[in-house]
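Engineer: Here's a structure for you.
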Amino acid sequence: MKTSKLGILLAVVFVVPLVIAGASVFAGRNWLGTITPDIQRHEAVDLGTYDYNEILENFRSSGTGGDFGDIGRFMLLPQNVSMAAIRADVSEILVDGVRTGVPKLGLWVADSSGKVVAHLRVSIGQYDAVSTGKIYAEPWTNTPLILCTSIRLYQQITDQMANGGDCISVTFTPEDFRPALDYMGKSAADLTVVGLMLLPYNHHLYTEECTILSVKTTGLYEKLGFVLTSATIDGNEYKAEGGVVRLNGPISGTAELKLTGRLLFIPITQTVTVQL
């Protein structure tokens, strides 16, 4: 008889206490595995501005031939950056106040080995949604295409349209990819952004100097997809975006971490003191 994922989950939550291994002085492990806090510092990096119309015009005038569609599908970034730190300003010029589309962002992401594992594309909608699609251009035909929507920015573009103006502009963050990340069973800290899919908007990609808290999991915690939703650090609460928490600044010394997350739909909270 097969054991259901729900059955395993109930055993995790109600039978065995959660064990966390955090930083260098707190270590714990049981047969379910571990959840380990991981804090990383990221520098500010400007990854460049990509104007679809300008790049298309330069391509056409270059006379080099080839298929712009294939080139636009994978714009290699000047350097790889953690998805946990990525920011993307995406804007569209309105023609006579008319919006021709909804701002979208497409990122190619790699795992820790550097292998491209997916193309993630997010648009703005009233409801969270996730679906998969096909990539028909070589050499990416076997790379998963995961489409998702973000409701976080919906009211913002609605307000911009209502207030007039000749441009709508939004800033995408890892939180906007949350439905796709949940589908993959990953957090933004698990992935590296290596390329941009050029869509008919103006894109500015960058990272800001920041400290990121995420968690590493092993065993059943990893298989069941533990997702960090928030963290309280020395009394200050931070909401997670895409499974990661952006902190106000570097953290050192002894800190009390209260980590809150979920296994499927069951909330789990654990407090631990770590030496950072």
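By order in the structure tokens, chains are A, B, ...; within a chain, residues start at 1; ligands start at 1, following the order shown.
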As a PyMOL selection string, which residues of range 36-230 of chain A does DSSP assign to alpha helix (DSSP H)?
Structural biologist: chain A and resi 52-62+68-73+154-162+178-184+219-223
Engineer: Please list as a PyMOL selection string every residue within 9 Å of range 74-91 of chain A, counting only C-alpha atoms and excluding residues in the same chain fewer than 2 positions away.
Structural biologist: chain A and resi 42-45+47-48+70-72+93+103-105+107-109+167-174+187-198+201-212+214+241-246
Engineer: Find the distance between CA of Ala137 in chain A and CA of Leu120 in chain A and write it in Å to one decimal.
Structural biologist: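 Atom-to-atom, CA of Ala137 in chain A to CA of Leu120 in chain A, that is 15.7 Å.
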Engineer: Find, counting only C-alpha atoms, the residue in A:Leu147, A:Ala110, A:Lys239, A:Thr232 that gets nearest to Lys258 in chain A.
Structural biologist: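 Under the stated criterion, the closest residue is A:Thr232.
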Engineer: Choose the residue, out of A:Thr260, A:Ser123, A:Thr273, A:Pro267, that has the smallest atom-to-atom separation from Asp234 in chain A; count only C-alpha atoms.
Structural biologist: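 When distances to Asp234 in chain A are compared using only C-alpha atoms, the smallest one comes from A:Thr273.
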Engineer: State, in Å with one decimal place, the distance from CA of Thr132 in chain A to CA of Ala180 in chain A.
Structural biologist: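 About the pair CA of Thr132 in chain A and CA of Ala180 in chain A: they are 9.3 Å apart.
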Engineer: Need the shell around Lys223 in chain A: protein/DNA/RNA residues with any atom at most 10 Å away, counting only C-alpha atoms. Skip same-chain ones fewer than 2 positions apart. Format as a list in words?
Structural biologist: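 Near Lys223 in chain A, the qualifying residues are Lys5, Leu32, Gly33, Gly185, Thr217, Thr218, Gly219, Leu220, Tyr221, Gly225, Phe226 and Leu263 of chain A.
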Engineer: Please save C-alpha atoms of the selected residues as a short mmCIF file (atom, residue, chain, number, x, y, z; two decimals), in the first residue's frame.
Structural biologist:
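The resulting file, selection-v1.cif, is shown below:
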```cif
data_model
loop_
_atom_site.label_atom_id
_atom_site.label_comp_id
_atom_site.auth_asym_id
_atom_site.auth_seq_id
_atom_site.Cartn_x
_atom_site.Cartn_y
_atom_site.Cartn_z
CA LYS A 5 1.88 12.68 0.79
CA LEU A 32 12.74 13.70 8.73
CA GLY A 33 15.75 15.80 7.76
CA GLY A 185 9.18 23.34 -5.27
CA THR A 217 16.07 21.67 3.60
CA THR A 218 16.90 17.99 3.48
CA GLY A 219 14.97 14.76 3.79
CA LEU A 220 11.19 14.81 3.93
CA TYR A 221 11.18 18.56 4.54
CA GLY A 225 8.31 21.34 -0.14
CA PHE A 226 8.71 23.38 3.05
CA LEU A 263 4.31 22.17 4.41
#
```
Engineer: Between CA of Ala240 in chain A and CA of Gln160 in chain A, what is the distance, to one decimal in Å?
Structural biologist: 26.3 Å
Engineer: Using backbone DSSP assignments, extract all strand (DSSP E) residues from range 74-196 of chain A; output them as a PyMOL selection string.
Structural biologist: chain A and resi 75-82+86-93+104-110+116-124+130-133+145-150+167-172+192-196
Engineer: Ranking A:Ser113, A:Asn142, A:Thr149, A:Thr36 by minimum distance to Asp128 in chain A and counting only C-alpha atoms, which one comes first?
Structural biologist: A:Thr149
Engineer: So, counting only C-alpha atoms, which residue among A:Ser230, A:His119, A:Leu224, A:Ala255 is closest to Phe177 in chain A?
Structural biologist: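 Checking each of A:Ser230, A:His119, A:Leu224, A:Ala255 against Phe177 in chain A, counting only C-alpha atoms, the winner is A:His119.
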